[in-house]
Every structure is written in structure tokens, then in C-alpha cells.
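The next block is target.txt, given as compact mmCIF, C-alpha atoms (C1' of nucleotides).
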# COMPACT_ATOMS: atom_id res chain seq x y z
CA MET A 23 -86.27 -50.50 47.50
CA SER A 24 -84.66 -47.97 45.20
CA LEU A 25 -87.00 -45.07 45.77
CA ASP A 26 -84.58 -42.82 43.94
CA ARG A 27 -86.58 -40.95 41.38
CA PRO A 28 -84.74 -40.31 38.15
CA MET A 29 -82.81 -37.07 37.91
CA ARG A 30 -84.65 -34.11 36.54
CA ALA A 31 -83.77 -33.31 32.93
CA ASP A 32 -82.38 -29.85 33.63
CA ALA A 33 -80.27 -31.24 36.46
CA VAL A 34 -78.67 -33.72 34.10
CA ARG A 35 -78.04 -31.00 31.57
CA ASN A 36 -76.47 -28.69 34.13
CA ARG A 37 -74.26 -31.40 35.53
CA ARG A 38 -72.83 -31.93 32.06
CA LYS A 39 -72.30 -28.22 31.52
CA ILE A 40 -70.56 -27.88 34.87
CA LEU A 41 -68.27 -30.82 34.27
CA ASP A 42 -67.33 -29.56 30.82
CA ALA A 43 -66.75 -26.03 32.05
CA ALA A 44 -64.67 -27.26 34.98
CA GLN A 45 -62.56 -29.35 32.63
CA ALA A 46 -62.01 -26.40 30.33
CA GLN A 47 -61.34 -23.82 33.03
CA ILE A 48 -58.99 -26.07 34.96
CA SER A 49 -57.07 -26.90 31.80
CA GLU A 50 -56.66 -23.27 31.01
CA HIS A 51 -56.10 -21.63 34.37
CA GLY A 52 -55.00 -24.43 36.64
CA PRO A 53 -56.84 -26.05 39.55
CA ASP A 54 -56.89 -22.79 41.45
CA VAL A 55 -59.65 -21.22 39.38
CA GLY A 56 -62.42 -19.99 41.59
CA MET A 57 -65.67 -21.86 41.84
CA ASP A 58 -67.32 -18.65 40.72
CA GLU A 59 -65.30 -18.71 37.51
CA ILE A 60 -66.28 -22.27 36.78
CA ALA A 61 -69.93 -21.55 37.52
CA LYS A 62 -69.89 -18.52 35.26
CA ALA A 63 -68.23 -20.47 32.47
CA ALA A 64 -70.91 -23.12 32.84
CA GLY A 65 -73.64 -20.51 32.67
CA VAL A 66 -74.92 -21.48 36.09
CA ALA A 67 -75.08 -19.99 39.57
CA VAL A 68 -72.60 -21.05 42.24
CA GLY A 69 -75.34 -22.63 44.26
CA THR A 70 -76.16 -24.96 41.40
CA LEU A 71 -72.56 -26.00 41.19
CA TYR A 72 -72.60 -26.81 44.89
CA ARG A 73 -75.77 -28.83 44.54
CA HIS A 74 -73.98 -31.20 42.19
CA PHE A 75 -70.56 -31.11 43.81
CA PRO A 76 -70.79 -30.30 47.51
CA THR A 77 -67.12 -29.45 47.66
CA LYS A 78 -64.39 -28.26 45.35
CA THR A 79 -62.52 -31.45 46.04
CA ASP A 80 -65.51 -33.41 44.79
CA LEU A 81 -65.55 -31.42 41.59
CA LEU A 82 -61.85 -31.96 40.98
CA ALA A 83 -62.26 -35.65 41.68
CA ALA A 84 -65.04 -35.85 39.11
CA VAL A 85 -62.93 -34.08 36.49
CA ILE A 86 -60.04 -36.43 37.17
CA ALA A 87 -62.31 -39.47 36.98
CA ALA A 88 -63.49 -38.32 33.55
CA TYR A 89 -59.88 -37.99 32.48
CA VAL A 90 -59.08 -41.49 33.67
CA VAL A 91 -61.94 -42.82 31.57
CA ARG A 92 -60.41 -41.27 28.47
CA VAL A 93 -57.02 -42.76 29.27
CA ALA A 94 -58.55 -46.19 29.77
CA ASP A 95 -60.39 -45.93 26.45
CA ASP A 96 -57.18 -44.96 24.72
CA ALA A 97 -55.27 -47.87 26.23
CA GLU A 98 -57.92 -50.35 25.19
CA ALA A 99 -58.04 -48.96 21.66
CA SER A 100 -54.26 -49.29 21.41
CA LEU A 101 -54.44 -52.86 22.60
CA ALA A 102 -57.15 -53.65 20.08
CA ARG A 103 -54.99 -52.34 17.26
CA ALA A 104 -52.06 -54.41 18.46
CA HIS A 105 -54.21 -57.51 18.50
CA ASP A 106 -55.22 -56.52 15.03
CA GLY A 107 -51.71 -56.75 13.68
CA ALA A 108 -50.14 -53.38 14.52
CA ALA A 109 -46.69 -53.45 16.12
CA ALA A 110 -47.05 -53.34 19.90
CA VAL A 111 -44.12 -50.94 20.33
CA ASP A 112 -45.72 -48.44 18.03
CA GLU A 113 -48.91 -48.63 20.03
CA VAL A 114 -47.06 -48.23 23.31
CA VAL A 115 -45.15 -45.24 22.02
CA GLY A 116 -48.24 -43.75 20.45
CA PHE A 117 -50.16 -44.16 23.66
CA LEU A 118 -47.45 -42.48 25.71
CA ASP A 119 -47.25 -39.72 23.14
CA ARG A 120 -50.95 -39.01 23.35
CA VAL A 121 -51.03 -39.14 27.12
CA VAL A 122 -48.13 -36.73 27.38
CA GLU A 123 -49.75 -34.41 24.91
CA SER A 124 -53.03 -34.41 26.78
CA ALA A 125 -51.18 -34.08 30.08
CA ALA A 126 -49.57 -30.93 28.71
CA HIS A 127 -52.96 -29.68 27.68
CA THR A 128 -54.72 -30.51 30.90
CA HIS A 129 -51.68 -29.98 33.05
CA ALA A 130 -53.81 -28.74 35.85
CA VAL A 131 -55.56 -32.06 36.10
CA LYS A 132 -52.29 -33.74 36.94
CA ALA A 133 -51.53 -31.13 39.53
CA ALA A 134 -54.98 -31.69 40.93
CA ALA A 135 -54.39 -35.41 41.02
CA ARG A 136 -51.38 -34.73 43.21
CA GLY A 137 -53.30 -32.34 45.37
CA LEU A 138 -55.87 -34.96 46.13
CA GLY A 139 -54.73 -38.36 47.26
CA VAL A 140 -55.29 -39.85 43.82
CA GLY A 141 -51.66 -40.80 43.43
CA GLY A 142 -51.91 -44.19 45.08
CA HIS A 143 -53.10 -47.25 43.24
CA GLY A 144 -56.81 -46.76 43.08
CA ASP A 145 -59.20 -49.60 42.59
CA GLN A 146 -61.69 -47.67 40.51
CA PRO A 147 -63.01 -49.71 37.57
CA ASP A 148 -61.54 -47.39 34.98
CA GLU A 149 -58.11 -47.41 36.56
CA ILE A 150 -58.24 -51.19 36.50
CA ARG A 151 -59.31 -51.17 32.85
CA ALA A 152 -56.41 -48.91 31.94
CA GLY A 153 -53.92 -50.98 33.92
CA ALA A 154 -55.07 -54.28 32.40
CA ALA A 155 -54.94 -53.00 28.83
CA LEU A 156 -51.52 -51.49 29.40
CA ALA A 157 -50.15 -54.66 30.95
CA GLU A 158 -51.26 -56.74 28.00
CA LEU A 159 -49.89 -54.20 25.55
CA LEU A 160 -46.50 -54.24 27.25
CA ALA A 161 -46.47 -58.05 27.29
CA LEU A 162 -47.10 -58.12 23.56
CA GLY A 163 -44.23 -55.71 22.94
CA GLN A 164 -41.97 -57.77 25.16
CA GLN A 165 -42.83 -61.00 23.33
CA ALA A 166 -41.92 -59.23 20.10
CA GLY A 167 -38.63 -58.22 21.72
CA ASP A 168 -39.18 -54.51 21.22
CA ILE A 169 -39.94 -53.52 24.80
CA ARG A 170 -37.40 -54.07 27.56
CA PRO A 171 -38.40 -57.16 29.52
CA ASP A 172 -38.25 -55.51 32.92
CA VAL A 173 -40.59 -52.63 32.15
CA THR A 174 -43.80 -52.71 34.16
CA VAL A 175 -47.09 -50.89 34.21
CA ASP A 176 -45.90 -49.01 37.26
CA ASP A 177 -42.95 -47.74 35.28
CA PHE A 178 -45.38 -46.43 32.76
CA TYR A 179 -47.40 -44.68 35.40
CA LEU A 180 -44.22 -43.18 36.77
CA LEU A 181 -43.35 -41.72 33.39
CA MET A 182 -46.86 -40.44 32.91
CA ALA A 183 -46.76 -38.79 36.31
CA THR A 184 -43.45 -37.10 35.54
CA ALA A 185 -44.35 -36.07 32.00
CA PRO A 186 -43.61 -32.43 31.33
CA THR A 187 -46.55 -30.11 31.69
CA ASP A 188 -47.26 -26.77 30.26
CA LEU A 189 -44.51 -27.00 27.67
CA SER A 190 -44.26 -26.58 23.94
CA ALA A 191 -44.81 -29.46 21.52
CA GLU A 192 -41.13 -29.34 20.70
CA VAL A 193 -40.08 -29.83 24.29
CA ARG A 194 -42.56 -32.64 24.77
CA ARG A 195 -41.17 -34.43 21.74
CA ARG A 196 -37.65 -34.02 23.05
CA TRP A 197 -38.72 -35.46 26.37
CA LEU A 198 -40.15 -38.49 24.60
CA THR A 199 -36.91 -39.12 22.73
CA LEU A 200 -35.00 -38.85 25.97
CA VAL A 201 -37.28 -41.29 27.75
CA LEU A 202 -38.04 -43.86 25.07
CA PRO A 203 -34.65 -45.62 25.17
CA GLY A 204 -35.44 -46.61 28.73
CA ILE A 205 -38.49 -48.50 27.56
CA THR A 206 -37.62 -49.91 24.17
CA THR A 207 -34.74 -52.21 23.27
CA GLN A 208 -33.44 -50.10 20.43
CA ARG A 209 -30.55 -47.88 21.27
CA MET B 245 -20.94 7.87 48.26
CA SER B 246 -22.11 4.60 49.80
CA LEU B 247 -23.72 5.94 52.94
CA ASP B 248 -25.20 2.47 53.56
CA ARG B 249 -24.30 1.62 57.08
CA PRO B 250 -23.48 -2.03 57.65
CA MET B 251 -26.37 -4.26 58.65
CA ARG B 252 -27.00 -4.61 62.32
CA ALA B 253 -25.79 -7.88 63.79
CA ASP B 254 -29.19 -9.09 64.91
CA ALA B 255 -30.62 -8.29 61.50
CA VAL B 256 -28.05 -10.52 59.85
CA ARG B 257 -28.80 -13.26 62.31
CA ASN B 258 -32.54 -13.04 61.81
CA ARG B 259 -32.21 -13.01 58.05
CA ARG B 260 -30.35 -16.31 58.27
CA LYS B 261 -32.92 -17.80 60.62
CA ILE B 262 -35.76 -16.75 58.34
CA LEU B 263 -34.12 -18.14 55.22
CA ASP B 264 -33.38 -21.44 56.95
CA ALA B 265 -36.88 -21.72 58.38
CA ALA B 266 -38.45 -20.88 55.04
CA GLN B 267 -36.36 -23.54 53.36
CA ALA B 268 -37.38 -26.11 55.95
CA GLN B 269 -41.06 -25.22 56.09
CA ILE B 270 -41.42 -25.06 52.31
CA SER B 271 -39.70 -28.39 51.94
CA GLU B 272 -42.03 -29.96 54.43
CA HIS B 273 -45.37 -28.34 53.72
CA GLY B 274 -45.07 -26.98 50.21
CA PRO B 275 -44.91 -23.38 49.05
CA ASP B 276 -48.36 -22.67 50.43
CA VAL B 277 -47.26 -22.50 54.05
CA GLY B 278 -48.41 -19.32 55.65
CA MET B 279 -45.97 -16.53 56.31
CA ASP B 280 -47.04 -16.79 59.93
CA GLU B 281 -45.90 -20.40 60.02
CA ILE B 282 -42.52 -19.51 58.58
CA ALA B 283 -42.13 -16.62 60.99
CA LYS B 284 -43.02 -18.82 63.94
CA ALA B 285 -40.60 -21.52 62.81
CA ALA B 286 -37.90 -18.87 62.56
CA GLY B 287 -38.69 -17.62 66.07
CA VAL B 288 -39.48 -14.17 64.75
CA ALA B 289 -42.51 -11.94 64.36
CA VAL B 290 -44.23 -11.60 60.98
CA GLY B 291 -43.25 -7.98 60.78
CA THR B 292 -39.59 -8.90 60.95
CA LEU B 293 -40.06 -11.35 58.15
CA TYR B 294 -41.63 -8.62 56.05
CA ARG B 295 -38.81 -6.24 56.83
CA HIS B 296 -36.38 -8.63 55.18
CA PHE B 297 -38.65 -9.89 52.40
CA PRO B 298 -41.32 -7.35 51.51
CA THR B 299 -43.37 -9.96 49.71
CA LYS B 300 -43.88 -13.69 49.79
CA THR B 301 -42.65 -13.84 46.22
CA ASP B 302 -39.41 -12.23 47.34
CA LEU B 303 -38.97 -14.83 50.03
CA LEU B 304 -39.60 -17.70 47.64
CA ALA B 305 -37.20 -16.17 45.15
CA ALA B 306 -34.53 -16.00 47.83
CA VAL B 307 -35.06 -19.63 48.80
CA ILE B 308 -34.84 -20.69 45.18
CA ALA B 309 -31.71 -18.62 44.62
CA ALA B 310 -30.08 -20.38 47.56
CA TYR B 311 -31.04 -23.71 46.03
CA VAL B 312 -29.53 -22.74 42.69
CA VAL B 313 -26.28 -21.88 44.43
CA ARG B 314 -26.11 -25.40 45.85
CA VAL B 315 -26.77 -26.93 42.45
CA ALA B 316 -24.08 -24.81 40.85
CA ASP B 317 -21.60 -25.81 43.55
CA ASP B 318 -22.45 -29.46 43.01
CA ALA B 319 -21.99 -29.17 39.25
CA GLU B 320 -18.61 -27.50 39.64
CA ALA B 321 -17.45 -30.09 42.15
CA SER B 322 -18.45 -32.87 39.74
CA LEU B 323 -16.57 -31.19 36.94
CA ALA B 324 -13.51 -30.83 39.13
CA ARG B 325 -13.54 -34.54 39.91
CA ALA B 326 -13.87 -35.36 36.23
CA HIS B 327 -10.89 -33.20 35.45
CA ASP B 328 -9.13 -35.02 38.21
CA GLY B 329 -9.48 -38.37 36.48
CA ALA B 330 -12.96 -39.59 37.44
CA ALA B 331 -15.12 -40.94 34.62
CA ALA B 332 -17.33 -38.13 33.31
CA VAL B 333 -20.36 -40.40 32.96
CA ASP B 334 -20.16 -41.34 36.58
CA GLU B 335 -20.07 -37.70 37.53
CA VAL B 336 -23.00 -36.88 35.28
CA VAL B 337 -25.05 -39.72 36.69
CA GLY B 338 -24.05 -38.89 40.22
CA PHE B 339 -24.97 -35.27 39.74
CA LEU B 340 -28.38 -36.15 38.35
CA ASP B 341 -28.87 -38.59 41.18
CA ARG B 342 -28.16 -35.98 43.82
CA VAL B 343 -30.30 -33.34 42.15
CA VAL B 344 -33.23 -35.71 41.91
CA GLU B 345 -32.80 -36.71 45.51
CA SER B 346 -32.72 -33.13 46.69
CA ALA B 347 -35.60 -32.27 44.38
CA ALA B 348 -37.62 -34.98 46.08
CA HIS B 349 -36.66 -33.54 49.42
CA THR B 350 -37.33 -29.94 48.55
CA HIS B 351 -40.11 -30.71 46.12
CA ALA B 352 -41.86 -27.54 47.05
CA VAL B 353 -38.97 -25.50 45.80
CA LYS B 354 -39.48 -26.87 42.33
CA ALA B 355 -43.17 -26.14 42.51
CA ALA B 356 -42.30 -22.65 43.65
CA ALA B 357 -39.90 -22.24 40.76
CA ARG B 358 -42.81 -23.00 38.46
CA GLY B 359 -45.09 -20.67 40.30
CA LEU B 360 -42.71 -17.83 39.78
CA GLY B 361 -41.38 -17.14 36.32
CA VAL B 362 -38.07 -18.79 37.10
CA GLY B 363 -38.56 -21.44 34.45
CA GLY B 364 -37.04 -19.48 31.61
CA HIS B 365 -33.31 -19.29 31.10
CA GLY B 366 -32.20 -16.86 33.73
CA ASP B 367 -29.01 -14.94 33.50
CA GLN B 368 -28.24 -14.99 37.19
CA PRO B 369 -24.54 -15.65 37.86
CA ASP B 370 -25.22 -18.92 39.65
CA GLU B 371 -27.42 -20.24 36.88
CA ILE B 372 -24.64 -19.44 34.45
CA ARG B 373 -22.09 -21.16 36.66
CA ALA B 374 -24.22 -24.30 36.79
CA GLY B 375 -24.85 -24.28 33.06
CA ALA B 376 -21.19 -23.82 32.18
CA ALA B 377 -20.00 -26.59 34.48
CA LEU B 378 -22.69 -28.94 33.18
CA ALA B 379 -21.86 -28.20 29.56
CA GLU B 380 -18.20 -28.98 30.10
CA LEU B 381 -19.04 -32.12 32.02
CA LEU B 382 -21.28 -33.35 29.22
CA ALA B 383 -18.62 -32.56 26.63
CA LEU B 384 -16.10 -34.64 28.56
CA GLY B 385 -18.49 -37.57 28.68
CA GLN B 386 -19.17 -37.25 24.98
CA GLN B 387 -15.47 -37.20 24.14
CA ALA B 388 -15.12 -40.40 26.14
CA GLY B 389 -18.01 -41.84 24.14
CA ASP B 390 -20.17 -42.55 27.19
CA ILE B 391 -22.73 -39.80 26.77
CA ARG B 392 -24.93 -39.63 23.68
CA PRO B 393 -23.52 -36.96 21.38
CA ASP B 394 -26.81 -35.09 20.93
CA VAL B 395 -27.54 -34.57 24.62
CA THR B 396 -27.51 -30.91 25.64
CA VAL B 397 -27.61 -28.93 28.85
CA ASP B 398 -31.22 -28.09 28.08
CA ASP B 399 -32.03 -31.79 27.99
CA PHE B 400 -30.55 -32.04 31.42
CA TYR B 401 -32.64 -29.17 32.69
CA LEU B 402 -35.70 -30.83 31.19
CA LEU B 403 -35.02 -34.02 33.08
CA MET B 404 -34.35 -32.10 36.29
CA ALA B 405 -37.60 -30.22 35.87
CA THR B 406 -39.57 -33.43 35.34
CA ALA B 407 -37.84 -35.39 38.08
CA PRO B 408 -40.30 -37.15 40.37
CA THR B 409 -41.08 -35.28 43.55
CA ASP B 410 -42.31 -36.43 46.87
CA LEU B 411 -41.59 -40.09 46.17
CA SER B 412 -39.74 -42.89 47.88
CA ALA B 413 -36.05 -43.53 47.31
CA GLU B 414 -36.97 -46.72 45.51
CA VAL B 415 -39.19 -44.94 43.00
CA ARG B 416 -36.58 -42.27 42.42
CA ARG B 417 -33.99 -44.92 41.66
CA ARG B 418 -36.34 -46.63 39.26
CA TRP B 419 -36.94 -43.33 37.51
CA LEU B 420 -33.21 -42.89 37.10
CA THR B 421 -32.82 -46.32 35.51
CA LEU B 422 -35.66 -45.52 33.15
CA VAL B 423 -34.17 -42.21 32.14
CA LEU B 424 -30.45 -42.95 32.00
CA PRO B 425 -30.49 -44.94 28.73
CA GLY B 426 -31.66 -41.77 27.02
CA ILE B 427 -28.49 -40.01 28.09
CA THR B 428 -25.77 -42.62 28.06
CA THR B 429 -24.64 -44.78 25.16
CA GLN B 430 -24.87 -48.04 27.04
CA ARG B 431 -28.01 -50.00 26.39
C1' DC C 65 -103.14 -28.49 35.18
C1' DA C 66 -102.63 -28.76 40.18
C1' DA C 67 -99.40 -29.81 43.53
C1' DC C 68 -95.19 -30.89 45.12
C1' DA C 69 -90.51 -32.15 45.21
C1' DT C 70 -86.48 -31.10 43.01
C1' DC C 71 -83.57 -27.73 41.39
C1' DA C 72 -81.57 -22.96 40.58
C1' DT C 73 -80.32 -18.45 42.23
C1' DG C 74 -76.89 -15.17 44.13
C1' DA C 75 -76.20 -12.11 47.98
C1' DA C 76 -74.15 -12.83 52.30
C1' DC C 77 -71.10 -15.32 55.40
C1' DC C 78 -66.84 -16.74 57.08
C1' DA C 79 -62.09 -18.72 57.28
C1' DT C 80 -57.75 -18.05 55.57
C1' DG C 81 -53.63 -15.79 54.71
C1' DA C 82 -50.93 -11.92 52.83
C1' DC C 83 -49.64 -7.60 54.39
C1' DT C 84 -49.52 -2.92 57.44
C1' DC C 85 -48.39 0.15 61.13
C1' DA C 86 -48.12 2.46 65.66
C1' DC C 87 -45.26 1.41 69.06
C1' DT C 88 -41.30 -0.74 71.64
C1' DT C 89 -36.70 -2.60 71.84
C1' DT C 90 -31.89 -2.80 70.77
C1' DG C 91 -27.34 -2.42 68.58
C1' DA C 92 -24.06 0.88 67.19
C1' DT C 93 -21.60 5.35 67.71
C1' DG C 94 -19.47 9.39 69.88
C1' DC D 293 -23.75 5.76 78.80
C1' DA D 294 -26.68 8.90 76.07
C1' DT D 295 -28.63 9.09 71.72
C1' DC D 296 -30.90 7.69 67.68
C1' DA D 297 -31.66 5.20 63.61
C1' DA D 298 -32.33 0.56 62.50
C1' DA D 299 -34.75 -3.41 63.72
C1' DG D 300 -38.44 -6.07 65.99
C1' DT D 301 -43.23 -6.79 67.53
C1' DG D 302 -47.99 -8.58 66.85
C1' DA D 303 -52.72 -7.16 66.80
C1' DG D 304 -55.38 -5.47 63.13
C1' DT D 305 -56.72 -4.64 58.11
C1' DC D 306 -58.05 -6.20 53.76
C1' DA D 307 -58.81 -9.17 49.74
C1' DT D 308 -59.79 -13.58 48.20
C1' DG D 309 -62.43 -17.54 47.53
C1' DG D 310 -64.93 -21.53 49.30
C1' DT D 311 -69.43 -22.42 51.20
C1' DT D 312 -74.40 -21.62 52.85
C1' DC D 313 -79.30 -20.61 52.77
C1' DA D 314 -83.72 -18.17 52.23
C1' DT D 315 -86.27 -17.51 48.28
C1' DG D 316 -88.08 -18.17 43.66
C1' DA D 317 -88.44 -21.07 39.40
C1' DT D 318 -89.30 -25.44 36.96
C1' DG D 319 -89.72 -30.31 35.72
C1' DT D 320 -92.64 -34.23 36.83
C1' DT D 321 -96.58 -36.98 38.34
C1' DG D 322 -101.48 -38.26 39.06
Would you write out, as C-alpha cells, the structure that this file holds?
Amino acid sequence: MSLDRPMRADAVRNRRKILDAAQAQISEHGPDVGMDEIAKAAGVAVGTLYRHFPTKTDLLAAVIAAYVVRVADDAEASLARAHDGAAAVDEVVGFLDRVVESAAHTHAVKAAARGLGVGGHGDQPDEIRAGAALAELLALGQQAGDIRPDVTVDDFYLLMATAPTDLSAEVRRRWLTLVLPGITTQR
Amino acid sequence: MSLDRPMRADAVRNRRKILDAAQAQISEHGPDVGMDEIAKAAGVAVGTLYRHFPTKTDLLAAVIAAYVVRVADDAEASLARAHDGAAAVDEVVGFLDRVVESAAHTHAVKAAARGLGVGGHGDQPDEIRAGAALAELLALGQQAGDIRPDVTVDDFYLLMATAPTDLSAEVRRRWLTLVLPGITTQR
DNA sequence: CAACATCATGAACCATGACTCACTTTGATG
DNA sequence: CATCAAAGTGAGTCATGGTTCATGATGTTG
């Protein structure tokens, strides 16, 4: 069947520009930026934006999905390094560090995730990828005795969801030091 | 001088009703509830609401101020119990527990606090009260050796600000267990 | 390169929600 | 209980921002 013609070249290009602009604008001004703002930042008319994303909710969902992909990639890279000999704890901590940092940067995305119903356990491929990599990473750390045995992937998600947003690097670091003892076995 | 006549009785009554309704509505529907909704819930016309709070920001500020008063009272009560022989750690943990619980209940208030500029260290009397009581409480716990010596009041505020909102009791409890090791000296 | 479907444009539309105001009601005061 | 300032009312105004649609431009295919 598939009588879907391929997308026109300019359409592809514009979709990219819109997604990038939305990402940037939302990061900077929060999820309440106007669609007009996003369109302008993308160098595109509002109508074009609405052709690609029929609703603001759709656009936010797309931005969030892109973010989840990055998180999943990061988790898998961390796991690969751990398999490669790196200490699992270090990878876990590093991963959390990076996520918190990016959460502070794209704080609005998190807020958006709340706004939508994206809190619940999704079954999107990329969420599954991230969860699987994280689970294995935690298991490695627990075998090594560095991660508390009762820590789960859900715990990790909980911390990620409550990570401080919109704060200075200093405050973020302090938050990490406050939270890490709950995950690792070192006092 | 003071030629301010006392407030009329019905005005006092309505002010109370409005504040209570605002508290309730914001807790339930978030800080984006319409002023009309709040007025209706208070059994009052919009105009009356605007007589007491000329701007939505003013209303939110008033709701937040009321919340801060409750927190300050709680902190002072905890401190009093500690002075009365109760273990300081227990009081600290209990306080955090109650704040997190009420934050989950009135999640919107926290969001509102962000929305306004109320994040920074205010010098309102009640904020000072809360801070002073907390500081003394922490010091007691540290003398007893139960609270990590480097924990500050700011750390506490950071945790309160990042407490999970809008979540089940179970999740909140889990968050507490994850976070407590960063504060106490027990592993 | 003709012909058509896809795509882009942006002014206009419309729902929402904060806020106003001309008018009525009511509590206090002598 | 007469008087009046304070308080209450709620339909209407206005700004904002998401969404549509008639029209024009452009990539693609035979």
C-alpha cells in the first residue's frame, strides 16, 4: 500500500528548524512562549508551524521526545563505559550530574513534561532504552557494592523529576552532594 | 493622625472567605485558576475580590504569605519540642516530612512561589522566624551528632524547594528515604 | 518544463481570563 | 432611623495567544 510520497525537501528542512527553535525558545523562556515567538525564531510563518504540529501540545510532545532520546543515548553511553572497565558508581553519578545540568538548562522541558501527561511510565522505545540501560548500570554498581542494593530505576526517575531547575551551577552541585548519599553506600 | 476607620465587618468576613477559597482552589487546580473561579468558590463577586486584592499577583502573594506563616509556626513548634527533650533529628525529619506532605497538597503554592519572585531570601518577619527556628534546630541535631555538621538552613530550603509535588504518599515517603542520608549521619 | 500536489504565508478569528466601572446594597455612626 | 462612606455586584472591556484558512509559492514527477 504505502502511497505516502516522501516528504518534500523544504518541509523536512523547516521541520528541523522549528524543532530546534522550539527547543531553544522553550529552554530560554519557558513553555509559555507564544507560538508566534517560536515561529519567528525558526524563520517561518505560524501557519507552517501548525502544518507540522497541529497543536501546541503536539509541539511540546515532540520537543520532549527529542530530549528523551538524548537521555537514552547518554544512559547507553554510560553503560558502555562501565562495561569497558569504568567504575559503575562513577558512571551513575556522572549520568545524574549531566541530567541535572541539562534539566537546569532546559528547565522548561521538565515543566512541560508535567503539564502534559508524560509523567507516567511511557512505553515509548526511547524511554524503554533509557530504563534498560539505567537498570543494568545500577545492577553493576550494586554488584560492586558501591550503590545501595535497594535503589531502583524508579528512584532514579524520582530524583531526576525533582532535580532543581533554573538554579546556579553551585546550587546544583550542592543538591547532588545532598542526594548522593541516598544512592551510594559511602557515607 | 490615623484616620483609618476600622474595616467593616462584612469586609473582614469576605476577605477571609476569599483567602480560604483561593488557597483551596489553587491547591486543587494550580495557580492558573481563573479569578472568576476563585470568586465563585468564595461566594463573592469578582469585583469584591478585586477590592481586596487589586491584582492576581497580590492574591497569590497573600496565599503564599499565609503558607509561610504555617511553616514558621511548625518550625517553632518543632524547636520547642526539641528544647523539651525530644531528639532534634526526629524533629528535623518530622518537620521535613510535614512540609513535603503539605507541599504535595498545596503544590500549586510552590509553583506560584516560583512564578513570583519569592524564591530569593526574603526578609519578611515570618520567613525570618522560620529560618531562625530551623537554624537552631539543626544546631541542636549537630551537637547531638545526628545531623551532618555541614548541613545548613539553605540546604533545607533547597530540599523543600525540590520536594516532589502532586505525588502519592508512597512516592513522597520514598523520596524522604532517598534524601535523608544526605542530612543525617546514619547510613 | 508543464502540471499538480504539497507546502508556506500571515492577516483575521475566537476563546480565555485578567481587570474596570456605573450602579446598588449595607454596615456603622450620630 | 437617617445618612453616607465603605463595600459589593456582575456585565462589559481589553489584551493575549492559540488556531484557521484563502491565497500564493515551490518542490517533484512524467
- Test item: chain A residues at most 10 Å from chain D, counting all atoms listed in the file, as a list of chain:residue names: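 The selection requested is A:Met29, A:Arg30, A:Ala31, A:Asp32, A:Ala33, A:Asp54, A:Val55, A:Gly56, A:Met57, A:Asp58, A:Val68, A:Gly69, A:Tyr72, A:Pro76, A:Thr77, A:Lys78.
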Write the residues of the preceding selection, restricted to C-alpha atoms, as a JSON list (two decimals), in the frame of the given file.
[["chain", "number", "residue", "atom", "x", "y", "z"],
["A", 29, "MET", "CA", -82.81, -37.07, 37.91],
["A", 30, "ARG", "CA", -84.65, -34.11, 36.54],
["A", 31, "ALA", "CA", -83.77, -33.31, 32.93],
["A", 32, "ASP", "CA", -82.38, -29.85, 33.63],
["A", 33, "ALA", "CA", -80.27, -31.24, 36.46],
["A", 54, "ASP", "CA", -56.89, -22.79, 41.45],
["A", 55, "VAL", "CA", -59.65, -21.22, 39.38],
["A", 56, "GLY", "CA", -62.42, -19.99, 41.59],
["A", 57, "MET", "CA", -65.67, -21.86, 41.84],
["A", 58, "ASP", "CA", -67.32, -18.65, 40.72],
["A", 68, "VAL", "CA", -72.60, -21.05, 42.24],
["A", 69, "GLY", "CA", -75.34, -22.63, 44.26],
["A", 72, "TYR", "CA", -72.60, -26.81, 44.89],
["A", 76, "PRO", "CA", -70.79, -30.30, 47.51],
["A", 77, "THR", "CA", -67.12, -29.45, 47.66],
["A", 78, "LYS", "CA", -64.39, -28.26, 45.35]]
- Message: Tell me as number ranges by chain which residues belonging to chain A come within 6 Å of chain B, counting only C-alpha atoms.
- Response: A: 184, 186, 200-201, 203-204
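Rounded to one decimal, C1' of DC83 (chain C) and CA of Ser271 (chain B) lie 23.2 Å from each other.
From CA of Ala347 (chain B) back to CA of Glu272 (chain B), the distance works out to 12.2 Å.
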Using only the atoms of region 299-314 of chain D listed in the file, plus 3 Å on each side, state the axis-aligned box centre and edge lengths in Å rounded to one decimal, as JSON.
{"center_x": -59.2, "center_y": -12.9, "center_z": 57.5, "size_x": 55.0, "size_y": 25.0, "size_z": 26.0}
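The coordinates place CA of Asp248 (chain B) at 21.5 Å from CA of Ala306 (chain B).
With all atoms listed in the file as the atoms that count, the minimum distance from chain A to the choices C:DA92, C:DC78, C:DC71, C:DA86 is reached by C:DC71.
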Hey, list the chain C side of the contact with chain A: 7 Å cut-off, all atoms listed in the file, answer as a PDB file with C-alpha atoms (C1' of nucleotides), keeping the file's coordinate frame.
ATOM      1  C1'  DC C  71     -83.570 -27.730  41.390  1.00  0.00           C
ATOM      2  C1'  DA C  72     -81.570 -22.960  40.580  1.00  0.00           C
ATOM      3  C1'  DT C  73     -80.320 -18.450  42.230  1.00  0.00           C
ATOM      4  C1'  DG C  74     -76.890 -15.170  44.130  1.00  0.00           C
TER       5       DG C  74
END
- Message: Which residues are near Asp317 (chain B)? Cut-off 9 Å, all atoms listed in the file, ignore same chain within fewer than 3 positions. Put them as a list of chain:residue names.
- Response: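 In the requested format, the answer is B:Val312, B:Val313, B:Arg314, B:Glu320, B:Ala321, B:Ser322, B:Asp370, B:Arg373, B:Ala374.
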